[in-house]
>>> print(open('start_14.pdb').read())   # PDB, N, CA, C and O atoms
ATOM      1  N   MET S 229      34.685  11.785   1.420
ATOM      2  CA  MET S 229      34.418  10.372   1.294
ATOM      3  C   MET S 229      32.975  10.178   0.829
ATOM      4  O   MET S 229      32.071  10.874   1.288
ATOM      5  N   LYS S 230      32.781   9.223  -0.049
ATOM      6  CA  LYS S 230      31.436   8.900  -0.515
ATOM      7  C   LYS S 230      30.702   8.087   0.548
ATOM      8  O   LYS S 230      31.269   7.174   1.132
ATOM      9  N   VAL S 231      29.448   8.442   0.805
ATOM     10  CA  VAL S 231      28.634   7.730   1.784
ATOM     11  C   VAL S 231      27.223   7.557   1.229
ATOM     12  O   VAL S 231      26.830   8.216   0.260
ATOM     13  N   LEU S 232      26.455   6.679   1.874
ATOM     14  CA  LEU S 232      25.071   6.433   1.459
ATOM     15  C   LEU S 232      24.222   6.118   2.669
ATOM     16  O   LEU S 232      24.735   5.748   3.730
ATOM     17  N   CYS S 233      22.924   6.268   2.512
ATOM     18  CA  CYS S 233      21.965   5.896   3.549
ATOM     19  C   CYS S 233      21.543   4.463   3.268
ATOM     20  O   CYS S 233      21.191   4.124   2.140
ATOM     21  N   ASN S 234      21.586   3.610   4.282
ATOM     22  CA  ASN S 234      21.233   2.211   4.036
ATOM     23  C   ASN S 234      19.749   1.912   4.274
ATOM     24  O   ASN S 234      19.354   0.755   4.304
ATOM     25  N   VAL S 235      18.921   2.930   4.398
ATOM     26  CA  VAL S 235      17.478   2.726   4.477
ATOM     27  C   VAL S 235      16.976   2.510   3.053
ATOM     28  O   VAL S 235      17.120   3.375   2.195
ATOM     29  N   ARG S 236      16.438   1.353   2.777
ATOM     30  CA  ARG S 236      16.077   0.973   1.393
ATOM     31  C   ARG S 236      15.147   1.966   0.702
ATOM     32  O   ARG S 236      15.302   2.259  -0.453
ATOM     33  N   ARG S 237      14.212   2.491   1.407
ATOM     34  CA  ARG S 237      13.243   3.398   0.780
ATOM     35  C   ARG S 237      13.826   4.784   0.507
ATOM     36  O   ARG S 237      13.249   5.581  -0.195
ATOM     37  N   CYS S 238      14.977   5.088   1.081
ATOM     38  CA  CYS S 238      15.549   6.427   0.980
ATOM     39  C   CYS S 238      16.357   6.610  -0.303
ATOM     40  O   CYS S 238      16.039   7.443  -1.138
ATOM     41  N   GLY S 239      17.455   5.876  -0.445
ATOM     42  CA  GLY S 239      18.270   5.965  -1.650
ATOM     43  C   GLY S 239      19.244   7.129  -1.714
ATOM     44  O   GLY S 239      19.896   7.342  -2.729
ATOM     45  N   TRP S 240      19.396   7.912  -0.628
ATOM     46  CA  TRP S 240      20.308   9.050  -0.669
ATOM     47  C   TRP S 240      21.750   8.583  -0.734
ATOM     48  O   TRP S 240      22.135   7.590  -0.116
ATOM     49  N   HIS S 241      22.577   9.300  -1.501
ATOM     50  CA  HIS S 241      24.020   9.114  -1.472
ATOM     51  C   HIS S 241      24.678  10.452  -1.740
ATOM     52  O   HIS S 241      24.118  11.312  -2.405
ATOM     53  N   GLY S 242      25.864  10.631  -1.171
ATOM     54  CA  GLY S 242      26.572  11.900  -1.315
ATOM     55  C   GLY S 242      27.921  11.854  -0.630
ATOM     56  O   GLY S 242      28.547  10.802  -0.539
ATOM     57  N   GLN S 243      28.349  12.979  -0.105
ATOM     58  CA  GLN S 243      29.648  13.111   0.547
ATOM     59  C   GLN S 243      29.462  13.272   2.058
ATOM     60  O   GLN S 243      28.410  13.741   2.518
ATOM     61  N   THR S 244      30.494  12.921   2.823
ATOM     62  CA  THR S 244      30.392  13.000   4.289
ATOM     63  C   THR S 244      30.039  14.401   4.775
ATOM     64  O   THR S 244      29.365  14.545   5.791
ATOM     65  N   GLU S 245      30.462  15.424   4.037
ATOM     66  CA  GLU S 245      30.171  16.802   4.452
ATOM     67  C   GLU S 245      28.673  17.104   4.446
ATOM     68  O   GLU S 245      28.222  18.045   5.099
ATOM     69  N   GLU S 246      27.884  16.328   3.717
ATOM     70  CA  GLU S 246      26.446  16.552   3.614
ATOM     71  C   GLU S 246      25.656  15.868   4.730
ATOM     72  O   GLU S 246      24.478  16.168   4.932
ATOM     73  N   VAL S 247      26.271  14.943   5.444
ATOM     74  CA  VAL S 247      25.592  14.188   6.497
ATOM     75  C   VAL S 247      25.296  15.109   7.675
ATOM     76  O   VAL S 247      26.123  15.919   8.083
ATOM     77  N   LEU S 248      24.100  14.987   8.220
ATOM     78  CA  LEU S 248      23.704  15.789   9.383
ATOM     79  C   LEU S 248      24.408  15.278  10.631
ATOM     80  O   LEU S 248      24.576  14.072  10.806
ATOM     81  N   GLN S 249      24.822  16.185  11.498
ATOM     82  CA  GLN S 249      25.503  15.835  12.743
ATOM     83  C   GLN S 249      24.780  16.514  13.905
ATOM     84  O   GLN S 249      24.363  17.655  13.789
ATOM     85  N   ALA S 250      24.674  15.793  15.024
ATOM     86  CA  ALA S 250      24.056  16.366  16.219
ATOM     87  C   ALA S 250      24.656  15.696  17.454
ATOM     88  O   ALA S 250      25.080  14.539  17.385
ATOM     89  N   PRO S 251      24.687  16.398  18.574
ATOM     90  CA  PRO S 251      25.177  15.778  19.804
ATOM     91  C   PRO S 251      24.289  14.591  20.201
ATOM     92  O   PRO S 251      23.077  14.635  20.045
ATOM     93  N   ASN S 252      24.915  13.544  20.700
ATOM     94  CA  ASN S 252      24.179  12.379  21.175
ATOM     95  C   ASN S 252      23.691  12.668  22.595
ATOM     96  O   ASN S 252      24.505  12.850  23.500
ATOM     97  N   PRO S 253      22.378  12.702  22.840
ATOM     98  CA  PRO S 253      21.885  13.028  24.180
ATOM     99  C   PRO S 253      22.196  11.945  25.215
ATOM    100  O   PRO S 253      22.152  12.200  26.404
ATOM    101  N   PHE S 254      22.538  10.744  24.775
ATOM    102  CA  PHE S 254      22.824   9.637  25.685
ATOM    103  C   PHE S 254      24.314   9.480  25.979
ATOM    104  O   PHE S 254      24.689   8.914  26.987
ATOM    105  N   GLU S 255      25.159   9.965  25.066
ATOM    106  CA  GLU S 255      26.616   9.913  25.210
ATOM    107  C   GLU S 255      27.167  11.285  24.855
ATOM    108  O   GLU S 255      27.420  11.573  23.683
ATOM    109  N   PRO S 256      27.335  12.176  25.816
ATOM    110  CA  PRO S 256      27.715  13.567  25.540
ATOM    111  C   PRO S 256      28.999  13.746  24.723
ATOM    112  O   PRO S 256      29.156  14.731  24.029
ATOM    113  N   ASP S 257      29.920  12.785  24.776
ATOM    114  CA  ASP S 257      31.172  12.904  24.028
ATOM    115  C   ASP S 257      31.062  12.389  22.598
ATOM    116  O   ASP S 257      32.047  12.388  21.857
ATOM    117  N   GLU S 258      29.889  11.913  22.209
ATOM    118  CA  GLU S 258      29.686  11.362  20.872
ATOM    119  C   GLU S 258      28.666  12.195  20.104
ATOM    120  O   GLU S 258      27.920  12.977  20.676
ATOM    121  N   SER S 259      28.641  11.985  18.783
ATOM    122  CA  SER S 259      27.617  12.648  17.961
ATOM    123  C   SER S 259      26.834  11.604  17.184
ATOM    124  O   SER S 259      27.284  10.477  16.998
ATOM    125  N   LEU S 260      25.654  11.999  16.758
ATOM    126  CA  LEU S 260      24.807  11.157  15.927
ATOM    127  C   LEU S 260      24.906  11.649  14.490
ATOM    128  O   LEU S 260      25.055  12.849  14.246
ATOM    129  N   GLN S 261      24.798  10.726  13.546
ATOM    130  CA  GLN S 261      24.767  11.088  12.130
ATOM    131  C   GLN S 261      23.353  10.864  11.615
ATOM    132  O   GLN S 261      22.712   9.878  11.973
ATOM    133  N   GLY S 262      22.891  11.778  10.771
ATOM    134  CA  GLY S 262      21.562  11.659  10.199
ATOM    135  C   GLY S 262      21.591  11.813   8.695
ATOM    136  O   GLY S 262      22.400  12.563   8.142
ATOM    137  N   CYS S 263      20.711  11.107   8.032
ATOM    138  CA  CYS S 263      20.589  11.210   6.581
ATOM    139  C   CYS S 263      19.916  12.536   6.227
ATOM    140  O   CYS S 263      18.867  12.872   6.791
ATOM    141  N   PRO S 264      20.488  13.310   5.302
ATOM    142  CA  PRO S 264      19.875  14.587   4.947
ATOM    143  C   PRO S 264      18.553  14.451   4.177
ATOM    144  O   PRO S 264      17.801  15.408   4.095
ATOM    145  N   LYS S 265      18.245  13.260   3.658
ATOM    146  CA  LYS S 265      16.995  13.077   2.911
ATOM    147  C   LYS S 265      15.883  12.522   3.804
ATOM    148  O   LYS S 265      14.847  13.153   3.959
ATOM    149  N   CYS S 266      16.107  11.347   4.405
ATOM    150  CA  CYS S 266      15.035  10.716   5.192
ATOM    151  C   CYS S 266      15.096  11.057   6.678
ATOM    152  O   CYS S 266      14.174  10.755   7.412
ATOM    153  N   ARG S 267      16.204  11.661   7.122
ATOM    154  CA  ARG S 267      16.413  12.094   8.505
ATOM    155  C   ARG S 267      16.549  10.939   9.500
ATOM    156  O   ARG S 267      16.526  11.153  10.709
ATOM    157  N   ASP S 268      16.676   9.697   9.024
ATOM    158  CA  ASP S 268      16.923   8.585   9.939
ATOM    159  C   ASP S 268      18.310   8.741  10.545
ATOM    160  O   ASP S 268      19.220   9.280   9.922
ATOM    161  N   VAL S 269      18.480   8.244  11.758
ATOM    162  CA  VAL S 269      19.721   8.403  12.500
ATOM    163  C   VAL S 269      20.567   7.130  12.412
ATOM    164  O   VAL S 269      20.040   6.014  12.460
ATOM    165  N   ASN S 270      21.873   7.328  12.270
ATOM    166  CA  ASN S 270      22.864   6.247  12.240
ATOM    167  C   ASN S 270      22.614   5.229  11.135
ATOM    168  O   ASN S 270      22.787   4.027  11.328
ATOM    169  N   THR S 271      22.227   5.701   9.973
ATOM    170  CA  THR S 271      22.007   4.834   8.812
ATOM    171  C   THR S 271      23.057   5.072   7.723
ATOM    172  O   THR S 271      22.977   4.489   6.654
ATOM    173  N   ILE S 272      24.041   5.914   7.992
ATOM    174  CA  ILE S 272      25.050   6.277   6.993
ATOM    175  C   ILE S 272      26.135   5.212   6.939
ATOM    176  O   ILE S 272      26.666   4.796   7.962
ATOM    177  N   ARG S 273      26.452   4.765   5.727
ATOM    178  CA  ARG S 273      27.494   3.762   5.494
ATOM    179  C   ARG S 273      28.464   4.290   4.444
ATOM    180  O   ARG S 273      28.106   5.135   3.626
ATOM    181  N   VAL S 274      29.671   3.741   4.424
ATOM    182  CA  VAL S 274      30.692   4.140   3.444
ATOM    183  C   VAL S 274      30.374   3.490   2.107
ATOM    184  O   VAL S 274      30.021   2.309   2.037
ATOM    185  N   ALA S 275      30.505   4.270   1.029
ATOM    186  CA  ALA S 275      30.262   3.773  -0.331
ATOM    187  C   ALA S 275      31.583   3.377  -0.993
ATOM    188  O   ALA S 275      32.653   3.850  -0.619
ATOM    189  N   CYS S 276      31.482   2.542  -1.989
ATOM    190  CA  CYS S 276      32.622   2.030  -2.750
ATOM    191  C   CYS S 276      33.474   3.173  -3.312
ATOM    192  O   CYS S 276      32.953   4.191  -3.758
ATOM    193  N   ASP S 277      34.800   2.982  -3.303
ATOM    194  CA  ASP S 277      35.735   3.973  -3.832
ATOM    195  C   ASP S 277      35.696   4.111  -5.356
ATOM    196  O   ASP S 277      36.183   5.095  -5.896
ATOM    197  N   GLU S 278      35.176   3.120  -6.045
ATOM    198  CA  GLU S 278      35.149   3.174  -7.513
ATOM    199  C   GLU S 278      34.259   4.327  -7.986
ATOM    200  O   GLU S 278      33.171   4.533  -7.445
ATOM    201  N   PRO S 279      34.716   5.071  -9.006
ATOM    202  CA  PRO S 279      33.888   6.154  -9.547
ATOM    203  C   PRO S 279      32.532   5.624 -10.026
ATOM    204  O   PRO S 279      32.451   4.526 -10.579
ATOM    205  N   ASP S 280      31.496   6.371  -9.777
ATOM    206  CA  ASP S 280      30.126   6.059 -10.206
ATOM    207  C   ASP S 280      29.521   4.822  -9.549
ATOM    208  O   ASP S 280      28.469   4.371  -9.961
ATOM    209  N   CYS S 281      30.169   4.233  -8.552
ATOM    210  CA  CYS S 281      29.594   3.094  -7.822
ATOM    211  C   CYS S 281      29.143   3.586  -6.458
ATOM    212  O   CYS S 281      29.923   4.169  -5.703
ATOM    213  N   TRP S 282      27.874   3.334  -6.134
ATOM    214  CA  TRP S 282      27.307   3.767  -4.859
ATOM    215  C   TRP S 282      26.857   2.590  -4.007
ATOM    216  O   TRP S 282      25.955   2.713  -3.182
ATOM    217  N   GLN S 283      27.503   1.437  -4.177
ATOM    218  CA  GLN S 283      27.206   0.275  -3.344
ATOM    219  C   GLN S 283      27.952   0.414  -2.014
ATOM    220  O   GLN S 283      29.019   1.022  -1.943
ATOM    221  N   GLN S 284      27.414  -0.192  -0.964
ATOM    222  CA  GLN S 284      28.062  -0.164   0.343
ATOM    223  C   GLN S 284      29.359  -0.968   0.286
ATOM    224  O   GLN S 284      29.438  -1.992  -0.388
ATOM    225  N   THR S 285      30.374  -0.505   1.000
ATOM    226  CA  THR S 285      31.642  -1.231   1.023
ATOM    227  C   THR S 285      31.490  -2.555   1.757
ATOM    228  O   THR S 285      30.712  -2.682   2.702
ATOM    229  N   THR S 286      32.242  -3.549   1.291
ATOM    230  CA  THR S 286      32.252  -4.857   1.945
ATOM    231  C   THR S 286      33.660  -5.281   2.325
ATOM    232  O   THR S 286      33.837  -6.252   3.036
ATOM    233  N   CYS S 287      34.669  -4.575   1.815
ATOM    234  CA  CYS S 287      36.048  -4.928   2.137
ATOM    235  C   CYS S 287      36.953  -3.715   1.955
ATOM    236  O   CYS S 287      36.568  -2.721   1.356
ATOM    237  N   GLY S 288      38.146  -3.841   2.472
ATOM    238  CA  GLY S 288      39.124  -2.780   2.336
ATOM    239  C   GLY S 288      40.522  -3.356   2.298
ATOM    240  O   GLY S 288      40.751  -4.476   2.762
ATOM    241  N   THR S 289      41.434  -2.602   1.744
ATOM    242  CA  THR S 289      42.816  -3.058   1.660
ATOM    243  C   THR S 289      43.770  -1.875   1.596
ATOM    244  O   THR S 289      43.438  -0.849   0.987
ATOM    245  N   PRO S 290      44.937  -1.987   2.212
ATOM    246  CA  PRO S 290      45.926  -0.917   2.078
ATOM    247  C   PRO S 290      46.551  -0.954   0.686
ATOM    248  O   PRO S 290      46.770  -2.025   0.134
ATOM    249  N   THR S 291      46.788   0.201   0.116
ATOM    250  CA  THR S 291      47.455   0.321  -1.175
ATOM    251  C   THR S 291      48.562   1.361  -1.038
ATOM    252  O   THR S 291      48.583   2.116  -0.063
ATOM    253  N   PRO S 292      49.467   1.438  -2.014
ATOM    254  CA  PRO S 292      50.516   2.458  -1.938
ATOM    255  C   PRO S 292      49.969   3.888  -1.857
ATOM    256  O   PRO S 292      50.605   4.769  -1.285
ATOM    257  N   SER S 293      48.776   4.126  -2.395
ATOM    258  CA  SER S 293      48.198   5.474  -2.372
ATOM    259  C   SER S 293      47.229   5.697  -1.215
ATOM    260  O   SER S 293      46.574   6.725  -1.145
ATOM    261  N   GLY S 294      47.096   4.728  -0.309
ATOM    262  CA  GLY S 294      46.203   4.867   0.831
ATOM    263  C   GLY S 294      45.249   3.695   0.961
ATOM    264  O   GLY S 294      45.232   2.791   0.121
ATOM    265  N   TYR S 295      44.450   3.703   2.018
ATOM    266  CA  TYR S 295      43.495   2.614   2.257
ATOM    267  C   TYR S 295      42.342   2.719   1.273
ATOM    268  O   TYR S 295      41.790   3.783   1.050
ATOM    269  N   ARG S 296      41.977   1.609   0.668
ATOM    270  CA  ARG S 296      40.924   1.572  -0.346
ATOM    271  C   ARG S 296      39.775   0.708   0.153
ATOM    272  O   ARG S 296      39.989  -0.380   0.676
ATOM    273  N   GLN S 297      38.531   1.201  -0.004
ATOM    274  CA  GLN S 297      37.335   0.464   0.407
ATOM    275  C   GLN S 297      36.448   0.255  -0.813
ATOM    276  O   GLN S 297      36.128   1.221  -1.508
ATOM    277  N   THR S 298      36.053  -0.978  -1.045
ATOM    278  CA  THR S 298      35.256  -1.286  -2.232
ATOM    279  C   THR S 298      34.109  -2.223  -1.894
ATOM    280  O   THR S 298      34.089  -2.857  -0.844
ATOM    281  N   CYS S 299      33.175  -2.320  -2.830
ATOM    282  CA  CYS S 299      32.069  -3.261  -2.714
ATOM    283  C   CYS S 299      32.522  -4.616  -3.255
ATOM    284  O   CYS S 299      33.615  -4.733  -3.802
ATOM    285  N   GLY S 300      31.690  -5.625  -3.137
ATOM    286  CA  GLY S 300      32.035  -6.957  -3.611
ATOM    287  C   GLY S 300      32.292  -7.039  -5.099
ATOM    288  O   GLY S 300      33.095  -7.839  -5.557
ATOM    289  N   LYS S 301      31.670  -6.178  -5.862
ATOM    290  CA  LYS S 301      31.856  -6.172  -7.322
ATOM    291  C   LYS S 301      33.247  -5.665  -7.705
ATOM    292  O   LYS S 301      33.807  -6.064  -8.720
ATOM    293  N   HIS S 302      33.828  -4.789  -6.922
ATOM    294  CA  HIS S 302      35.101  -4.166  -7.259
ATOM    295  C   HIS S 302      36.253  -4.623  -6.367
ATOM    296  O   HIS S 302      37.160  -3.862  -6.072
ATOM    297  N   LEU S 303      36.232  -5.878  -5.947
ATOM    298  CA  LEU S 303      37.309  -6.398  -5.097
ATOM    299  C   LEU S 303      38.636  -6.174  -5.691
ATOM    300  O   LEU S 303      39.315  -6.420  -6.403
TER
END
>>> encode(input="start_14.pdb", output="structure tokens")
Amino acid sequence: MKVLCNVRRCGWHGQTEEVLQAPNPFEPDESLQGCPKCRDVNTIRVACDEPDCWQQTTCGTPTPSGYRQTCGKHL
């Protein structure tokens, strides 16, 4: 899945496999996600499904081929 860091100064985007994961010290059954570029925690958001679009998703809809998430430009 395409994801991005929502920290404005960072600009990182990539795939979920690249996101840093660590145990949450406050909730042992949960994990924290970190941006591999700026290292901020819990700033990862889902990016639009459209090829070459790295905007944050704003909506989603079920389709015959699966659930689709897009930005406002690609409704």
>>> resolve_selection(input="start_14.pdb", expression="the PyMOL selection byres ((chain S and resi 258-268) around 7)", output="PyMOL selection string")
chain S and resi 233+238+240+246-253+255-257+269-272
>>> residues_around(input="start_14.pdb", residues="S:Thr286", least_positions_apart="3", cutoff="8 Å", atoms="all atoms listed in the file", output="ChimeraX atom specification")
/S:274-276,283,297-301
>>> closest_residue(input="start_14.pdb", among="S:Lys230, S:Val235, S:Trp282, S:Asp277", to="S:Gly294", atoms="only C-alpha atoms")
S:Asp277
>>> atom_distance(input="start_14.pdb", atom1="atom N of S:Val231", atom2="atom CA of S:Asp280")
11.3 Å
>>> axis_aligned_box(input="start_14.pdb", around="stretch 297-301 of chain S", padding_each_side="6 Å", output="lines of an AutoDock Vina configuration file")
center_x = 35.1
center_y = -3.3
center_z = -4.2
size_x = 18.9
size_y = 21.1
size_z = 21.1
>>> atom_distance(input="start_14.pdb", atom1="atom CA of S:Asn234", atom2="atom CA of S:Arg273")
6.6 Å
>>> atom_distance(input="start_14.pdb", atom1="atom CA of S:Met229", atom2="atom CA of S:Thr244")
5.7 Å
>>> build_atoms(input="start_14.pdb", residues="stretch 263-274 of chain S", atoms="all heavy atoms", output="PDB file, in the frame of the given file")
ATOM      1  N   CYS S 263      20.711  11.107   8.032  1.00  0.00           N
ATOM      2  CA  CYS S 263      20.589  11.210   6.581  1.00  0.00           C
ATOM      3  C   CYS S 263      19.916  12.536   6.227  1.00  0.00           C
ATOM      4  O   CYS S 263      18.867  12.872   6.791  1.00  0.00           O
ATOM      5  CB  CYS S 263      19.755  10.056   6.051  1.00  0.00           C
ATOM      6  SG  CYS S 263      19.381  10.197   4.289  1.00  0.00           S
ATOM      7  N   PRO S 264      20.488  13.310   5.302  1.00  0.00           N
ATOM      8  CA  PRO S 264      19.875  14.587   4.947  1.00  0.00           C
ATOM      9  C   PRO S 264      18.553  14.451   4.177  1.00  0.00           C
ATOM     10  O   PRO S 264      17.801  15.408   4.095  1.00  0.00           O
ATOM     11  CB  PRO S 264      20.929  15.284   4.094  1.00  0.00           C
ATOM     12  CG  PRO S 264      21.855  14.226   3.653  1.00  0.00           C
ATOM     13  CD  PRO S 264      21.763  13.104   4.630  1.00  0.00           C
ATOM     14  N   LYS S 265      18.245  13.260   3.658  1.00  0.00           N
ATOM     15  CA  LYS S 265      16.995  13.077   2.911  1.00  0.00           C
ATOM     16  C   LYS S 265      15.883  12.522   3.804  1.00  0.00           C
ATOM     17  O   LYS S 265      14.847  13.153   3.959  1.00  0.00           O
ATOM     18  CB  LYS S 265      17.221  12.149   1.718  1.00  0.00           C
ATOM     19  CG  LYS S 265      15.977  11.932   0.888  1.00  0.00           C
ATOM     20  CD  LYS S 265      16.253  11.060  -0.317  1.00  0.00           C
ATOM     21  CE  LYS S 265      14.975  10.791  -1.092  1.00  0.00           C
ATOM     22  NZ  LYS S 265      15.218   9.834  -2.189  1.00  0.00           N
ATOM     23  N   CYS S 266      16.107  11.347   4.405  1.00  0.00           N
ATOM     24  CA  CYS S 266      15.035  10.716   5.192  1.00  0.00           C
ATOM     25  C   CYS S 266      15.096  11.057   6.678  1.00  0.00           C
ATOM     26  O   CYS S 266      14.174  10.755   7.412  1.00  0.00           O
ATOM     27  CB  CYS S 266      15.055   9.200   4.997  1.00  0.00           C
ATOM     28  SG  CYS S 266      16.444   8.341   5.791  1.00  0.00           S
ATOM     29  N   ARG S 267      16.204  11.661   7.122  1.00  0.00           N
ATOM     30  CA  ARG S 267      16.413  12.094   8.505  1.00  0.00           C
ATOM     31  C   ARG S 267      16.549  10.939   9.500  1.00  0.00           C
ATOM     32  O   ARG S 267      16.526  11.153  10.709  1.00  0.00           O
ATOM     33  CB  ARG S 267      15.302  13.042   8.976  1.00  0.00           C
ATOM     34  CG  ARG S 267      15.048  14.206   8.062  1.00  0.00           C
ATOM     35  CD  ARG S 267      15.949  15.326   8.365  1.00  0.00           C
ATOM     36  NE  ARG S 267      15.511  16.509   7.594  1.00  0.00           N
ATOM     37  CZ  ARG S 267      16.317  17.450   7.245  1.00  0.00           C
ATOM     38  NH1 ARG S 267      17.585  17.387   7.573  1.00  0.00           N
ATOM     39  NH2 ARG S 267      15.892  18.476   6.558  1.00  0.00           N
ATOM     40  N   ASP S 268      16.676   9.697   9.024  1.00  0.00           N
ATOM     41  CA  ASP S 268      16.923   8.585   9.939  1.00  0.00           C
ATOM     42  C   ASP S 268      18.310   8.741  10.545  1.00  0.00           C
ATOM     43  O   ASP S 268      19.220   9.280   9.922  1.00  0.00           O
ATOM     44  CB  ASP S 268      16.820   7.241   9.222  1.00  0.00           C
ATOM     45  CG  ASP S 268      15.396   6.712   9.168  1.00  0.00           C
ATOM     46  OD1 ASP S 268      14.480   7.409   9.640  1.00  0.00           O
ATOM     47  OD2 ASP S 268      15.197   5.599   8.650  1.00  0.00           O
ATOM     48  N   VAL S 269      18.480   8.244  11.758  1.00  0.00           N
ATOM     49  CA  VAL S 269      19.721   8.403  12.500  1.00  0.00           C
ATOM     50  C   VAL S 269      20.567   7.130  12.412  1.00  0.00           C
ATOM     51  O   VAL S 269      20.040   6.014  12.460  1.00  0.00           O
ATOM     52  CB  VAL S 269      19.410   8.727  13.978  1.00  0.00           C
ATOM     53  CG1 VAL S 269      20.676   8.813  14.802  1.00  0.00           C
ATOM     54  CG2 VAL S 269      18.626  10.023  14.064  1.00  0.00           C
ATOM     55  N   ASN S 270      21.873   7.328  12.270  1.00  0.00           N
ATOM     56  CA  ASN S 270      22.864   6.247  12.240  1.00  0.00           C
ATOM     57  C   ASN S 270      22.614   5.229  11.135  1.00  0.00           C
ATOM     58  O   ASN S 270      22.787   4.027  11.328  1.00  0.00           O
ATOM     59  CB  ASN S 270      22.980   5.576  13.611  1.00  0.00           C
ATOM     60  CG  ASN S 270      23.593   6.520  14.628  1.00  0.00           C
ATOM     61  OD1 ASN S 270      24.291   7.465  14.282  1.00  0.00           O
ATOM     62  ND2 ASN S 270      23.338   6.270  15.892  1.00  0.00           N
ATOM     63  N   THR S 271      22.227   5.701   9.973  1.00  0.00           N
ATOM     64  CA  THR S 271      22.007   4.834   8.812  1.00  0.00           C
ATOM     65  C   THR S 271      23.057   5.072   7.723  1.00  0.00           C
ATOM     66  O   THR S 271      22.977   4.489   6.654  1.00  0.00           O
ATOM     67  CB  THR S 271      20.618   5.081   8.201  1.00  0.00           C
ATOM     68  OG1 THR S 271      20.532   6.447   7.784  1.00  0.00           O
ATOM     69  CG2 THR S 271      19.521   4.772   9.198  1.00  0.00           C
ATOM     70  N   ILE S 272      24.041   5.914   7.992  1.00  0.00           N
ATOM     71  CA  ILE S 272      25.050   6.277   6.993  1.00  0.00           C
ATOM     72  C   ILE S 272      26.135   5.212   6.939  1.00  0.00           C
ATOM     73  O   ILE S 272      26.666   4.796   7.962  1.00  0.00           O
ATOM     74  CB  ILE S 272      25.660   7.662   7.302  1.00  0.00           C
ATOM     75  CG1 ILE S 272      24.569   8.729   7.345  1.00  0.00           C
ATOM     76  CG2 ILE S 272      26.753   8.017   6.304  1.00  0.00           C
ATOM     77  CD1 ILE S 272      23.796   8.895   6.057  1.00  0.00           C
ATOM     78  N   ARG S 273      26.452   4.765   5.727  1.00  0.00           N
ATOM     79  CA  ARG S 273      27.494   3.762   5.494  1.00  0.00           C
ATOM     80  C   ARG S 273      28.464   4.290   4.444  1.00  0.00           C
ATOM     81  O   ARG S 273      28.106   5.135   3.626  1.00  0.00           O
ATOM     82  CB  ARG S 273      26.887   2.443   5.001  1.00  0.00           C
ATOM     83  CG  ARG S 273      25.846   1.849   5.939  1.00  0.00           C
ATOM     84  CD  ARG S 273      26.469   1.387   7.257  1.00  0.00           C
ATOM     85  NE  ARG S 273      25.494   0.799   8.141  1.00  0.00           N
ATOM     86  CZ  ARG S 273      24.878   1.410   9.139  1.00  0.00           C
ATOM     87  NH1 ARG S 273      25.125   2.674   9.380  1.00  0.00           N
ATOM     88  NH2 ARG S 273      24.014   0.788   9.900  1.00  0.00           N
ATOM     89  N   VAL S 274      29.671   3.741   4.424  1.00  0.00           N
ATOM     90  CA  VAL S 274      30.692   4.140   3.444  1.00  0.00           C
ATOM     91  C   VAL S 274      30.374   3.490   2.107  1.00  0.00           C
ATOM     92  O   VAL S 274      30.021   2.309   2.037  1.00  0.00           O
ATOM     93  CB  VAL S 274      32.099   3.722   3.933  1.00  0.00           C
ATOM     94  CG1 VAL S 274      33.151   4.047   2.887  1.00  0.00           C
ATOM     95  CG2 VAL S 274      32.426   4.399   5.248  1.00  0.00           C
TER      96      VAL S 274
END
